[in-house]
>>> print(open('data09.cif').read())   # mmCIF, C-alpha atoms and all ligand atoms
data_work
loop_
_atom_site.label_atom_id
_atom_site.label_comp_id
_atom_site.auth_asym_id
_atom_site.auth_seq_id
_atom_site.Cartn_x
_atom_site.Cartn_y
_atom_site.Cartn_z
CA MET A 1233 125.70 86.18 141.19
CA GLY A 1234 122.10 86.73 142.34
CA ILE A 1235 119.83 89.33 140.76
CA CYS A 1236 116.41 90.28 142.08
CA ILE A 1237 114.12 92.12 139.66
CA GLN A 1238 111.60 93.71 141.99
CA ASN A 1239 107.97 94.74 141.43
CA ALA A 1240 107.91 93.74 137.79
CA HIS A 1241 104.82 93.56 135.67
CA LEU A 1242 105.30 90.28 133.79
CA LEU A 1243 104.27 90.10 130.15
CA TYR A 1244 100.83 88.41 129.80
CA ASP A 1245 99.98 89.08 133.50
CA ASP A 1246 97.38 91.64 134.56
CA ARG A 1247 99.24 94.95 134.81
CA LYS A 1248 98.18 95.45 138.43
CA VAL A 1249 99.96 92.25 139.44
CA ARG A 1250 103.59 92.86 140.36
CA LYS A 1251 106.07 90.09 141.05
CA ASN A 1252 109.72 89.60 141.94
CA VAL A 1253 111.89 87.51 139.66
CA TYR A 1254 115.05 85.89 141.03
CA ILE A 1255 118.05 85.04 138.91
CA GLU A 1256 120.83 82.73 140.05
CA GLY A 1257 123.76 82.04 137.75
CA ASN A 1258 122.42 82.13 134.22
CA GLU A 1259 118.92 80.86 135.01
CA ILE A 1260 115.67 82.15 136.41
CA ALA A 1261 115.61 80.61 139.90
CA ALA A 1262 112.12 81.64 140.98
CA VAL A 1263 109.14 83.86 140.19
CA GLY A 1264 107.21 85.29 143.18
CA ASN A 1265 108.88 84.14 146.39
CA ALA A 1266 112.64 84.10 146.85
CA PRO A 1267 114.24 80.67 146.65
CA GLU A 1268 115.71 79.38 149.90
CA GLY A 1269 119.03 80.96 150.81
CA PHE A 1270 118.85 83.45 147.94
CA ARG A 1271 121.23 86.39 148.29
CA ALA A 1272 120.81 89.33 145.92
CA ASP A 1273 124.01 90.99 144.77
CA THR A 1274 121.93 93.35 142.66
CA VAL A 1275 118.35 94.55 143.01
CA ILE A 1276 116.67 96.14 140.01
CA ASP A 1277 113.55 98.19 140.70
CA ALA A 1278 111.11 97.39 137.89
CA SER A 1279 108.26 99.71 138.91
CA HIS A 1280 106.40 101.04 135.83
CA ARG A 1281 108.17 98.56 133.64
CA THR A 1282 107.19 95.34 131.90
CA LEU A 1283 109.48 92.35 132.31
CA MET A 1284 109.54 90.13 129.26
CA PRO A 1285 111.73 87.46 127.71
CA GLY A 1286 114.42 88.93 125.46
CA LEU A 1287 113.53 89.01 121.78
CA ILE A 1288 115.26 86.43 119.59
CA ASN A 1289 116.36 87.49 116.12
CA ALA A 1290 116.20 84.13 114.37
CA HIS A 1291 117.83 85.20 111.11
CA THR A 1292 120.49 87.80 110.48
CA HIS A 1293 124.07 88.38 109.35
CA VAL A 1294 125.44 90.61 112.08
CA TYR A 1295 128.60 91.88 110.35
CA MET A 1296 126.37 93.35 107.62
CA SER A 1297 125.60 96.35 109.80
CA LEU A 1298 128.74 97.71 108.08
CA PHE A 1299 126.58 97.93 104.92
CA ARG A 1300 123.67 99.76 106.50
CA ASN A 1301 122.25 102.35 104.04
CA PHE A 1302 124.98 101.46 101.54
CA ALA A 1303 123.06 99.94 98.61
CA ASP A 1304 119.38 100.85 98.82
CA ASP A 1305 116.69 101.22 96.17
CA VAL A 1306 118.33 98.99 93.53
CA PRO A 1307 117.09 95.68 91.98
CA PHE A 1308 117.72 92.54 94.10
CA GLN A 1309 120.21 90.91 91.69
CA THR A 1310 122.17 94.22 91.47
CA TRP A 1311 121.99 94.62 95.25
CA LEU A 1312 123.41 91.16 95.94
CA PHE A 1313 125.82 90.46 93.07
CA GLU A 1314 127.08 93.94 92.14
CA ARG A 1315 126.97 95.92 95.36
CA ILE A 1316 127.15 93.68 98.45
CA LEU A 1317 129.14 90.56 97.46
CA PRO A 1318 132.16 92.43 95.95
CA ILE A 1319 132.90 94.43 99.14
CA GLU A 1320 131.92 91.56 101.38
CA ASP A 1321 134.70 89.52 99.76
CA GLU A 1322 137.25 92.15 100.86
CA LEU A 1323 136.22 92.33 104.52
CA THR A 1324 138.72 91.33 107.19
CA ALA A 1325 138.08 89.48 110.44
CA GLU A 1326 138.78 92.63 112.47
CA GLN A 1327 136.38 94.73 110.42
CA CYS A 1328 133.69 92.10 110.94
CA TYR A 1329 134.32 92.14 114.70
CA TRP A 1330 133.37 95.84 114.75
CA GLY A 1331 130.45 95.29 112.38
CA ASP A 1332 129.20 92.58 114.76
CA MET A 1333 129.69 94.89 117.72
CA LEU A 1334 127.71 97.68 116.05
CA ASN A 1335 124.90 95.21 115.54
CA PHE A 1336 125.04 94.05 119.16
CA ALA A 1337 124.81 97.63 120.45
CA GLU A 1338 121.63 98.12 118.44
CA MET A 1339 120.27 94.70 119.39
CA ILE A 1340 120.78 95.17 123.12
CA ARG A 1341 119.34 98.70 123.04
CA THR A 1342 116.21 97.37 121.32
CA GLY A 1343 115.64 94.28 123.45
CA THR A 1344 117.24 91.45 121.49
CA THR A 1345 119.12 89.00 123.70
CA ALA A 1346 119.97 86.20 121.24
CA PHE A 1347 120.35 85.80 117.51
CA LEU A 1348 120.89 83.14 114.84
CA ASP A 1349 123.52 84.18 112.34
CA GLN A 1350 125.10 83.17 109.06
CA GLN A 1351 128.65 84.46 109.21
CA MET A 1352 131.84 84.86 107.24
CA PHE A 1353 134.17 85.34 110.21
CA THR A 1354 132.77 83.04 112.86
CA LYS A 1355 135.62 83.43 115.32
CA SER A 1356 135.30 87.24 115.29
CA CYS A 1357 131.61 86.76 116.00
CA VAL A 1358 132.30 84.53 119.02
CA MET A 1359 134.74 87.14 120.34
CA ALA A 1360 132.44 90.13 119.73
CA ALA A 1361 129.43 88.32 121.24
CA ARG A 1362 131.46 87.40 124.31
CA ASP A 1363 132.64 91.01 124.72
CA ALA A 1364 129.11 92.39 124.24
CA GLY A 1365 127.55 89.72 126.48
CA ILE A 1366 124.90 88.68 123.94
CA ARG A 1367 123.88 85.05 123.17
CA PRO A 1368 124.93 83.91 119.68
CA VAL A 1369 123.97 80.96 117.52
CA ILE A 1370 126.55 80.93 114.76
CA SER A 1371 126.86 79.22 111.41
CA ARG A 1372 129.37 79.53 108.59
CA GLY A 1373 127.52 79.75 105.26
CA LEU A 1374 128.74 76.97 102.94
CA VAL A 1375 128.62 77.64 99.19
CA GLY A 1376 129.95 75.99 96.03
CA SER A 1377 129.31 73.64 93.19
CA VAL A 1378 131.61 70.84 94.35
CA ARG A 1379 133.46 70.02 97.54
CA THR A 1380 136.46 72.23 96.81
CA GLU A 1381 138.82 74.10 99.09
CA GLU A 1382 137.25 77.37 97.84
CA GLY A 1383 133.63 76.57 98.55
CA VAL A 1384 133.14 74.02 101.26
CA VAL A 1385 136.26 72.37 102.62
CA ARG A 1386 137.98 75.53 103.92
CA ARG A 1387 134.74 77.02 105.26
CA TRP A 1388 133.79 73.87 107.13
CA ARG A 1389 137.30 73.61 108.57
CA GLU A 1390 136.99 77.22 109.80
CA ALA A 1391 133.63 76.41 111.38
CA LEU A 1392 135.14 73.44 113.22
CA GLU A 1393 138.05 75.58 114.44
CA THR A 1394 135.62 78.20 115.75
CA MET A 1395 133.59 75.57 117.62
CA GLU A 1396 136.78 74.38 119.24
CA TYR A 1397 137.77 77.98 120.10
CA ALA A 1398 134.33 78.63 121.64
CA ARG A 1399 134.59 75.46 123.72
CA GLU A 1400 138.08 76.29 124.95
CA THR A 1401 137.18 79.88 125.88
CA GLY A 1402 133.95 78.98 127.70
CA SER A 1403 131.78 80.92 125.23
CA ASN A 1404 127.99 80.63 125.42
CA ALA A 1405 127.86 80.37 121.62
CA THR A 1406 126.07 77.43 120.02
CA PHE A 1407 126.37 76.39 116.39
CA MET A 1408 124.47 75.26 113.32
CA VAL A 1409 125.61 74.00 109.93
CA SER A 1410 124.61 76.35 107.18
CA ALA A 1411 124.14 75.78 103.48
CA HIS A 1412 123.83 79.33 102.14
CA ALA A 1413 121.00 78.64 99.63
CA ILE A 1414 119.99 76.18 96.91
CA TYR A 1415 121.11 78.66 94.21
CA THR A 1416 124.63 78.98 95.69
CA CYS A 1417 125.06 75.33 96.76
CA SER A 1418 125.13 72.30 94.49
CA GLU A 1419 123.28 69.11 95.40
CA ASP A 1420 126.63 67.68 96.47
CA VAL A 1421 127.16 70.54 98.93
CA LEU A 1422 123.62 70.23 100.31
CA ARG A 1423 124.23 66.52 100.93
CA PHE A 1424 127.55 67.38 102.60
CA THR A 1425 125.69 69.84 104.87
CA LEU A 1426 123.31 67.11 105.99
CA ASP A 1427 126.14 64.61 106.48
CA VAL A 1428 128.22 66.87 108.73
CA ALA A 1429 125.15 68.11 110.62
CA ARG A 1430 124.26 64.48 111.42
CA GLU A 1431 127.81 63.61 112.31
CA LYS A 1432 128.19 66.59 114.70
CA GLY A 1433 124.62 66.49 116.03
CA LEU A 1434 124.05 70.09 114.94
CA PRO A 1435 120.92 71.68 113.43
CA ILE A 1436 120.99 73.04 109.87
CA THR A 1437 120.10 76.55 108.76
CA THR A 1438 119.61 77.87 105.23
CA HIS A 1439 117.85 80.46 103.05
CA LEU A 1440 115.00 79.06 100.95
CA SER A 1441 112.40 80.29 98.48
CA GLU A 1442 113.29 83.92 99.04
CA THR A 1443 112.65 85.16 95.49
CA LYS A 1444 110.29 84.22 92.68
CA LYS A 1445 113.36 83.70 90.49
CA GLU A 1446 114.75 81.13 92.93
CA PHE A 1447 111.39 79.31 92.94
CA ASP A 1448 111.07 79.35 89.11
CA ASP A 1449 114.71 78.33 88.55
CA CYS A 1450 114.30 75.37 90.91
CA MET A 1451 111.15 74.24 89.09
CA LYS A 1452 113.03 74.46 85.78
CA GLU A 1453 116.23 72.80 86.97
CA HIS A 1454 114.90 70.13 89.33
CA GLY A 1455 111.24 69.88 88.31
CA MET A 1456 110.10 70.54 91.88
CA THR A 1457 109.66 73.39 94.36
CA PRO A 1458 112.60 74.52 96.55
CA VAL A 1459 110.86 73.03 99.61
CA ARG A 1460 110.35 69.65 97.92
CA TYR A 1461 113.95 69.74 96.68
CA LEU A 1462 115.24 70.04 100.28
CA HIS A 1463 112.79 67.33 101.32
CA GLU A 1464 114.00 64.95 98.59
CA LEU A 1465 117.59 65.49 99.74
CA GLY A 1466 116.58 64.55 103.29
CA LEU A 1467 117.23 67.95 104.89
CA LEU A 1468 113.66 68.32 106.15
CA ASP A 1469 114.09 65.12 108.19
CA HIS A 1470 116.81 66.82 110.25
CA GLU A 1471 116.45 69.67 112.78
CA ILE A 1472 116.42 72.68 110.41
CA THR A 1473 115.76 76.43 110.57
CA ILE A 1474 114.82 77.92 107.20
CA ALA A 1475 114.87 81.64 106.46
CA HIS A 1476 112.23 83.23 104.19
CA CYS A 1477 109.79 80.74 102.53
CA VAL A 1478 108.16 83.64 100.69
CA TRP A 1479 107.26 81.55 97.63
CA LEU A 1480 105.38 78.34 98.51
CA ALA A 1481 103.26 75.97 96.47
CA GLU A 1482 100.21 74.18 97.92
CA GLU A 1483 102.14 70.95 98.56
CA ASP A 1484 104.92 72.79 100.45
CA TYR A 1485 102.84 73.57 103.54
CA LYS A 1486 102.51 69.89 104.50
CA LEU A 1487 106.23 69.32 103.99
CA LEU A 1488 107.10 72.19 106.34
CA ALA A 1489 104.57 71.32 109.06
CA ARG A 1490 106.72 69.13 111.29
CA PRO A 1491 108.23 69.80 114.71
CA ASN A 1492 111.87 69.68 113.55
CA VAL A 1493 111.32 72.36 110.87
CA HIS A 1494 111.32 76.05 111.81
CA VAL A 1495 110.65 78.82 109.30
CA VAL A 1496 112.00 82.31 109.98
CA THR A 1497 110.15 85.14 108.33
CA ASN A 1498 111.93 88.42 107.58
CA PRO A 1499 109.16 90.83 106.63
CA ALA A 1500 111.25 94.00 106.28
CA SER A 1501 113.94 92.38 104.12
CA ASN A 1502 111.40 90.64 101.85
CA ALA A 1503 109.43 93.85 101.36
CA LYS A 1504 112.44 96.12 100.88
CA LEU A 1505 114.04 93.83 98.29
CA ALA A 1506 110.61 93.50 96.61
CA ASN A 1507 110.59 89.73 97.07
CA GLY A 1508 107.01 89.62 98.30
CA PHE A 1509 105.12 88.76 101.49
CA ALA A 1510 105.69 85.39 103.12
CA PRO A 1511 102.35 83.65 103.77
CA VAL A 1512 102.91 83.64 107.54
CA ALA A 1513 99.25 83.58 108.61
CA ARG A 1514 98.65 80.60 106.31
CA MET A 1515 101.80 78.83 107.57
CA LEU A 1516 100.61 79.23 111.17
CA ARG A 1517 97.17 77.88 110.26
CA GLU A 1518 98.87 74.85 108.67
CA GLY A 1519 100.77 74.15 111.91
CA ILE A 1520 104.18 75.37 110.72
CA ASP A 1521 106.50 76.72 113.43
CA VAL A 1522 107.34 80.31 112.45
CA ALA A 1523 109.94 82.57 114.10
CA LEU A 1524 110.99 86.12 113.24
CA GLY A 1525 114.20 87.70 111.98
CA THR A 1526 115.46 90.92 110.49
CA ASP A 1527 118.02 89.55 108.01
CA GLY A 1528 121.25 91.53 107.62
CA ALA A 1529 121.35 95.31 107.93
CA ALA A 1530 121.98 95.65 104.19
CA SER A 1531 118.44 94.46 103.48
CA ASP A 1532 116.64 95.48 106.68
CA ASN A 1533 118.45 98.62 107.70
CA THR A 1534 117.45 98.18 111.30
CA GLN A 1535 118.11 95.16 113.52
CA ASN A 1536 115.28 96.21 115.77
CA MET A 1537 112.93 93.33 116.56
CA PHE A 1538 110.17 95.68 117.79
CA THR A 1539 110.02 97.13 114.28
CA ALA A 1540 110.07 93.60 112.86
CA MET A 1541 107.10 92.56 115.06
CA HIS A 1542 105.19 95.70 114.08
CA LEU A 1543 105.73 95.08 110.36
CA LEU A 1544 104.97 91.36 110.58
CA SER A 1545 101.62 91.86 112.26
CA LEU A 1546 100.47 94.79 110.10
CA MET A 1547 101.61 93.33 106.79
CA GLN A 1548 99.87 90.00 107.44
CA LYS A 1549 96.63 91.75 108.37
CA GLY A 1550 96.88 93.79 105.16
CA VAL A 1551 97.79 90.87 102.91
CA GLU A 1552 95.12 88.60 104.38
CA GLN A 1553 92.59 91.45 104.56
CA ASP A 1554 91.80 90.15 108.02
CA SER A 1555 92.43 92.29 111.12
CA VAL A 1556 92.32 89.23 113.41
CA VAL A 1557 95.41 87.40 112.12
CA LEU A 1558 98.84 87.82 113.77
CA GLY A 1559 97.46 89.42 116.93
CA ALA A 1560 99.79 91.13 119.42
CA LYS A 1561 100.18 88.12 121.76
CA GLU A 1562 100.77 85.69 118.91
CA THR A 1563 103.35 88.05 117.37
CA LEU A 1564 105.17 88.36 120.72
CA LYS A 1565 105.30 84.55 121.03
CA ILE A 1566 106.74 84.32 117.51
CA ALA A 1567 109.55 86.71 118.53
CA THR A 1568 110.29 84.93 121.83
CA GLU A 1569 109.16 81.30 122.32
CA ASN A 1570 109.14 80.37 118.62
CA GLY A 1571 112.47 82.16 118.21
CA ALA A 1572 113.91 80.06 121.01
CA ARG A 1573 112.88 76.85 119.25
CA ALA A 1574 114.25 78.08 115.90
CA ALA A 1575 117.55 78.96 117.60
CA GLY A 1576 117.76 75.48 119.13
CA PHE A 1577 117.29 76.61 122.75
CA GLY A 1578 114.46 74.18 123.48
CA ASP A 1579 111.03 74.70 124.95
CA THR A 1580 111.69 76.50 128.23
CA ALA A 1581 113.66 79.34 126.64
CA GLY A 1582 111.80 82.49 125.69
CA ARG A 1583 109.64 82.28 128.82
CA ILE A 1584 109.71 83.68 132.34
CA GLU A 1585 109.69 80.58 134.49
CA PRO A 1586 112.06 78.76 136.85
CA GLY A 1587 114.77 76.91 134.97
CA ALA A 1588 114.52 79.14 131.87
CA LYS A 1589 117.56 81.00 130.58
CA ALA A 1590 117.98 84.38 132.30
CA ASP A 1591 117.62 86.39 129.08
CA LEU A 1592 115.21 89.15 130.10
CA ILE A 1593 114.43 92.77 129.27
CA LEU A 1594 112.56 95.59 130.97
CA VAL A 1595 110.37 97.93 128.95
CA ASP A 1596 109.29 101.40 130.10
CA GLU A 1597 105.49 101.56 130.43
CA THR A 1598 105.43 105.33 130.95
CA ALA A 1599 106.75 106.50 127.57
CA PRO A 1600 104.07 108.72 125.94
CA ASN A 1601 103.58 106.30 123.03
CA MET A 1602 102.91 103.46 125.52
CA LEU A 1603 100.14 105.27 127.44
CA PRO A 1604 97.44 104.58 128.47
CA ASN A 1605 98.29 101.02 129.54
CA PHE A 1606 95.13 99.26 128.36
CA ASP A 1607 96.95 96.30 126.91
CA ILE A 1608 100.71 95.86 127.22
CA ALA A 1609 100.94 93.24 124.45
CA SER A 1610 99.28 95.67 122.05
CA ALA A 1611 101.58 98.47 123.21
CA LEU A 1612 104.67 96.32 122.65
CA VAL A 1613 103.70 95.28 119.10
CA TYR A 1614 101.74 98.31 117.83
CA SER A 1615 103.17 101.30 119.74
CA ALA A 1616 106.71 100.51 120.90
CA THR A 1617 109.71 101.59 118.84
CA GLY A 1618 112.37 99.64 120.75
CA THR A 1619 113.75 102.72 122.54
CA GLU A 1620 111.48 101.91 125.51
CA VAL A 1621 113.80 99.05 126.52
CA THR A 1622 115.64 100.21 129.65
CA ASP A 1623 117.45 97.14 131.00
CA SER A 1624 118.75 93.87 129.61
CA VAL A 1625 119.97 90.74 131.36
CA ILE A 1626 121.59 88.10 129.15
CA ASP A 1627 122.89 84.77 130.39
CA GLY A 1628 122.36 86.05 133.94
CA LYS A 1629 124.49 89.18 133.47
CA ILE A 1630 123.28 92.76 133.29
CA VAL A 1631 124.38 94.20 129.93
CA MET A 1632 122.23 97.35 129.97
CA ARG A 1633 121.08 99.27 133.04
CA ASN A 1634 118.82 102.31 132.76
CA ARG A 1635 119.62 102.57 129.03
CA GLU A 1636 123.37 102.55 129.60
CA LEU A 1637 125.29 99.81 127.80
CA LEU A 1638 127.65 98.23 130.35
CA THR A 1639 129.61 96.03 127.95
CA ILE A 1640 130.11 98.22 124.86
CA ASP A 1641 132.09 101.46 124.62
CA GLU A 1642 129.89 103.28 122.11
CA GLU A 1643 132.35 106.12 121.48
CA ARG A 1644 135.12 103.69 120.54
CA LEU A 1645 132.61 101.74 118.45
CA ARG A 1646 131.67 104.87 116.47
CA PHE A 1647 135.34 105.62 115.86
CA GLU A 1648 136.10 102.09 114.59
CA ILE A 1649 133.02 101.99 112.33
CA GLU A 1650 133.90 105.31 110.71
CA LYS A 1651 137.47 104.16 110.15
CA ILE A 1652 136.32 100.96 108.42
CA THR A 1653 133.54 102.40 106.30
CA ASP A 1654 135.64 105.37 105.10
CA SER A 1655 137.48 102.87 102.88
CA PHE A 1656 134.32 101.48 101.15
ZN ZN B 1 119.86 86.10 105.15
#
>>> encode(input="data09.cif", output="structure tokens")
Amino acid sequence: MGICIQNAHLLYDDRKVRKNVYIEGNEIAAVGNAPEGFRADTVIDASHRTLMPGLINAHTHVYMSLFRNFADDVPFQTWLFERILPIEDELTAEQCYWGDMLNFAEMIRTGTTAFLDQQMFTKSCVMAARDAGIRPVISRGLVGSVRTEEGVVRRWREALETMEYARETGSNATFMVSAHAIYTCSEDVLRFTLDVAREKGLPITTHLSETKKEFDDCMKEHGMTPVRYLHELGLLDHEITIAHCVWLAEEDYKLLARPNVHVVTNPASNAKLANGFAPVARMLREGIDVALGTDGAASDNTQNMFTAMHLLSLMQKGVEQDSVVLGAKETLKIATENGARAAGFGDTAGRIEPGAKADLILVDETAPNMLPNFDIASALVYSATGTEVTDSVIDGKIVMRNRELLTIDEERLRFEIEKITDSF
């Protein structure tokens, strides 16, 4: 299928310059002139709109949209251990499918085209992502104190079955191996994570140094910081995407500054759960690759990456007392190009250039909060709310056209969500 996006203002270009972008299959075939023999099945008029790479949510738990606004304004330990985990344990695969779908509806409406997830029901996630037409990177969170059926063995077997299912059904899903966190995984389980990641050639993802308690407990138990602990176990020598890194010691920056390590900051979740402000500006200065996520909807009640960009930039300026840090263009790159690296898509993803994945969105430049158009990057980070996204192409397929979702029946979705959450 060929798609021509006509007269688009490309992000980072002068706004008076308008170009055509040609999509063939699931890739961008050309920018500017049509490639030889190109036939457009669909032409999208992009006048008064900005064409940009889709935003990449590099850390979330999509089924958790079922818990949106369910357990707010309580202490972190209460939130996790008393409110969320008990109902989470009762969830079924079908309920998670609809929770995932709710998340995808919000993601597509607000410009996210791909996400990196830690899941309970990985197969449901593959199915929901396929039905919604979004691009998933899925991991099954491993937990436990030893390699038992309860903690690791069954979960890893499920992950392997899902990978096989995705391969057989031609899904665009890719996978990572996930150790949930150092406070839910023993050393044995962390070593297992590294072993299977090496064996399968998959990246690792984990939560790390999210709370002060986690940092202090690790110092007490292992006599080193959480970052050094992962380093000593060899995990930082592998391709790894680490959520949070709110609490870092001086020595940690050097350990994280390497091309195979990607940190994902989740400013809304860290602030809402009162875990602090990740030192993102400092990490960037130290050469650490930082991407952006929302975390699950139980701790960041929106999955909107425009809101996440807005918060990231403003919070860092406030914390650093420096209005120059985390500028609009840098923040956009964090949510696109850096997100693509953290999600394991490689260097050409998250850009508008021939050969890149056709994951693109159009943003309305005429909304009152976007005018006047002095600087589109500023408008996208400081003024946009996410509702300005009008069209979305993911994996070369149009999933939203003129704000209408083409892959998700929102009325049915509302019905299913109400049915599930009535029983909570
Ligand atoms: Zn998380």
>>> atom_distance(input="data09.cif", atom1="atom CA of Arg1367 of chain A", atom2="atom CA of Pro1499 of chain A")
22.9 Å
>>> closest_residue(input="data09.cif", among="A:Asp1532, A:Asp1420, A:Asp1591, A:Asp1245", to="Thr1345 of chain A", atoms="all atoms listed in the file")
A:Asp1591
>>> residues_around(input="data09.cif", residues="segment 1521-1525 of chain A", least_positions_apart="5", cutoff="10 Å", atoms="all atoms listed in the file", output="ChimeraX atom specification")
/A:1287-1292,1347-1349,1473-1476,1488-1501,1512-1513,1515-1516,1532,1535-1537,1540-1541,1544,1563-1575
>>> write_last_selection(input="data09.cif", atoms="C-alpha atoms", output="JSON list (two decimals), keeping the file's coordinate frame")
[["chain", "number", "residue", "atom", "x", "y", "z"],
["A", 1287, "LEU", "CA", 113.53, 89.01, 121.78],
["A", 1288, "ILE", "CA", 115.26, 86.43, 119.59],
["A", 1289, "ASN", "CA", 116.36, 87.49, 116.12],
["A", 1290, "ALA", "CA", 116.20, 84.13, 114.37],
["A", 1291, "HIS", "CA", 117.83, 85.20, 111.11],
["A", 1292, "THR", "CA", 120.49, 87.80, 110.48],
["A", 1347, "PHE", "CA", 120.35, 85.80, 117.51],
["A", 1348, "LEU", "CA", 120.89, 83.14, 114.84],
["A", 1349, "ASP", "CA", 123.52, 84.18, 112.34],
["A", 1473, "THR", "CA", 115.76, 76.43, 110.57],
["A", 1474, "ILE", "CA", 114.82, 77.92, 107.20],
["A", 1475, "ALA", "CA", 114.87, 81.64, 106.46],
["A", 1476, "HIS", "CA", 112.23, 83.23, 104.19],
["A", 1488, "LEU", "CA", 107.10, 72.19, 106.34],
["A", 1489, "ALA", "CA", 104.57, 71.32, 109.06],
["A", 1490, "ARG", "CA", 106.72, 69.13, 111.29],
["A", 1491, "PRO", "CA", 108.23, 69.80, 114.71],
["A", 1492, "ASN", "CA", 111.87, 69.68, 113.55],
["A", 1493, "VAL", "CA", 111.32, 72.36, 110.87],
["A", 1494, "HIS", "CA", 111.32, 76.05, 111.81],
["A", 1495, "VAL", "CA", 110.65, 78.82, 109.30],
["A", 1496, "VAL", "CA", 112.00, 82.31, 109.98],
["A", 1497, "THR", "CA", 110.15, 85.14, 108.33],
["A", 1498, "ASN", "CA", 111.93, 88.42, 107.58],
["A", 1499, "PRO", "CA", 109.16, 90.83, 106.63],
["A", 1500, "ALA", "CA", 111.25, 94.00, 106.28],
["A", 1501, "SER", "CA", 113.94, 92.38, 104.12],
["A", 1512, "VAL", "CA", 102.91, 83.64, 107.54],
["A", 1513, "ALA", "CA", 99.25, 83.58, 108.61],
["A", 1515, "MET", "CA", 101.80, 78.83, 107.57],
["A", 1516, "LEU", "CA", 100.61, 79.23, 111.17],
["A", 1532, "ASP", "CA", 116.64, 95.48, 106.68],
["A", 1535, "GLN", "CA", 118.11, 95.16, 113.52],
["A", 1536, "ASN", "CA", 115.28, 96.21, 115.77],
["A", 1537, "MET", "CA", 112.93, 93.33, 116.56],
["A", 1540, "ALA", "CA", 110.07, 93.60, 112.86],
["A", 1541, "MET", "CA", 107.10, 92.56, 115.06],
["A", 1544, "LEU", "CA", 104.97, 91.36, 110.58],
["A", 1563, "THR", "CA", 103.35, 88.05, 117.37],
["A", 1564, "LEU", "CA", 105.17, 88.36, 120.72],
["A", 1565, "LYS", "CA", 105.30, 84.55, 121.03],
["A", 1566, "ILE", "CA", 106.74, 84.32, 117.51],
["A", 1567, "ALA", "CA", 109.55, 86.71, 118.53],
["A", 1568, "THR", "CA", 110.29, 84.93, 121.83],
["A", 1569, "GLU", "CA", 109.16, 81.30, 122.32],
["A", 1570, "ASN", "CA", 109.14, 80.37, 118.62],
["A", 1571, "GLY", "CA", 112.47, 82.16, 118.21],
["A", 1572, "ALA", "CA", 113.91, 80.06, 121.01],
["A", 1573, "ARG", "CA", 112.88, 76.85, 119.25],
["A", 1574, "ALA", "CA", 114.25, 78.08, 115.90],
["A", 1575, "ALA", "CA", 117.55, 78.96, 117.60]]
>>> closest_residue(input="data09.cif", among="A:Asn1533, A:Ala1503, A:Phe1447, A:Arg1423", to="Glu1464 of chain A", atoms="only C-alpha atoms")
A:Arg1423
>>> closest_residue(input="data09.cif", among="A:Leu1434, A:Cys1477, A:Ala1303, A:Ile1235", to="Arg1315 of chain A", atoms="all atoms listed in the file")
A:Ala1303
>>> residues_around(input="data09.cif", residues="Thr1617 of chain A", least_positions_apart="4", cutoff="12 Å", atoms="only C-alpha atoms", output="JSON, numbers by chain")
{"A": [1341, 1342, 1343, 1534, 1535, 1536, 1537, 1538, 1539, 1540, 1541, 1542, 1543, 1595, 1596, 1599, 1600, 1601, 1602, 1611, 1612, 1613, 1621]}
>>> closest_residue(input="data09.cif", among="A:His1412, A:Val1358, A:Ile1340, A:Pro1511", to="ligand ZN 1 (chain B)", atoms="only C-alpha atoms and all ligand atoms")
A:His1412
>>> residues_around(input="data09.cif", residues="Glu1259 of chain A", least_positions_apart="4", cutoff="9 Å", atoms="all atoms listed in the file", output="short mmCIF file (atom, residue, chain, number, x, y, z; two decimals) with C-alpha atoms, in the coordinates of the input")
data_model
loop_
_atom_site.label_atom_id
_atom_site.label_comp_id
_atom_site.auth_asym_id
_atom_site.auth_seq_id
_atom_site.Cartn_x
_atom_site.Cartn_y
_atom_site.Cartn_z
CA TYR A 1254 115.05 85.89 141.03
CA ILE A 1255 118.05 85.04 138.91
CA PRO A 1586 112.06 78.76 136.85
CA GLY A 1587 114.77 76.91 134.97
CA ALA A 1588 114.52 79.14 131.87
CA LYS A 1589 117.56 81.00 130.58
CA ALA A 1590 117.98 84.38 132.30
CA ASP A 1591 117.62 86.39 129.08
CA ASP A 1627 122.89 84.77 130.39
CA GLY A 1628 122.36 86.05 133.94
#
>>> atom_distance(input="data09.cif", atom1="atom CA of Ile1593 of chain A", atom2="atom CA of Asp1623 of chain A")
5.6 Å
>>> residues_around(input="data09.cif", residues="Asp1427 of chain A", least_positions_apart="5", cutoff="12 Å", atoms="only C-alpha atoms", output="CSV table (one decimal) with C-alpha atoms, keeping the file's coordinate frame")
chain,number,residue,atom,x,y,z
A,1409,VAL,CA,125.6,74.0,109.9
A,1410,SER,CA,124.6,76.4,107.2
A,1411,ALA,CA,124.1,75.8,103.5
A,1420,ASP,CA,126.6,67.7,96.5
A,1421,VAL,CA,127.2,70.5,98.9
A,1422,LEU,CA,123.6,70.2,100.3
A,1432,LYS,CA,128.2,66.6,114.7
A,1433,GLY,CA,124.6,66.5,116.0
A,1434,LEU,CA,124.0,70.1,114.9
A,1435,PRO,CA,120.9,71.7,113.4
A,1436,ILE,CA,121.0,73.0,109.9
A,1465,LEU,CA,117.6,65.5,99.7
A,1466,GLY,CA,116.6,64.6,103.3
A,1467,LEU,CA,117.2,68.0,104.9
A,1470,HIS,CA,116.8,66.8,110.2
>>> atom_distance(input="data09.cif", atom1="atom CA of Val1478 of chain A", atom2="atom CA of Met1456 of chain A")
15.9 Å
>>> residues_around(input="data09.cif", residues="Glu1648 of chain A", least_positions_apart="3", cutoff="12 Å", atoms="all atoms listed in the file", output="list in words")
Leu1298, Glu1326, Gln1327, Cys1328, Tyr1329, Trp1330, Gly1331, Asp1332, Met1333, Leu1334, Asp1641, Glu1642, Glu1643, Arg1644, Leu1645, Lys1651, Ile1652, Thr1653, Asp1654 and Ser1655 of chain A
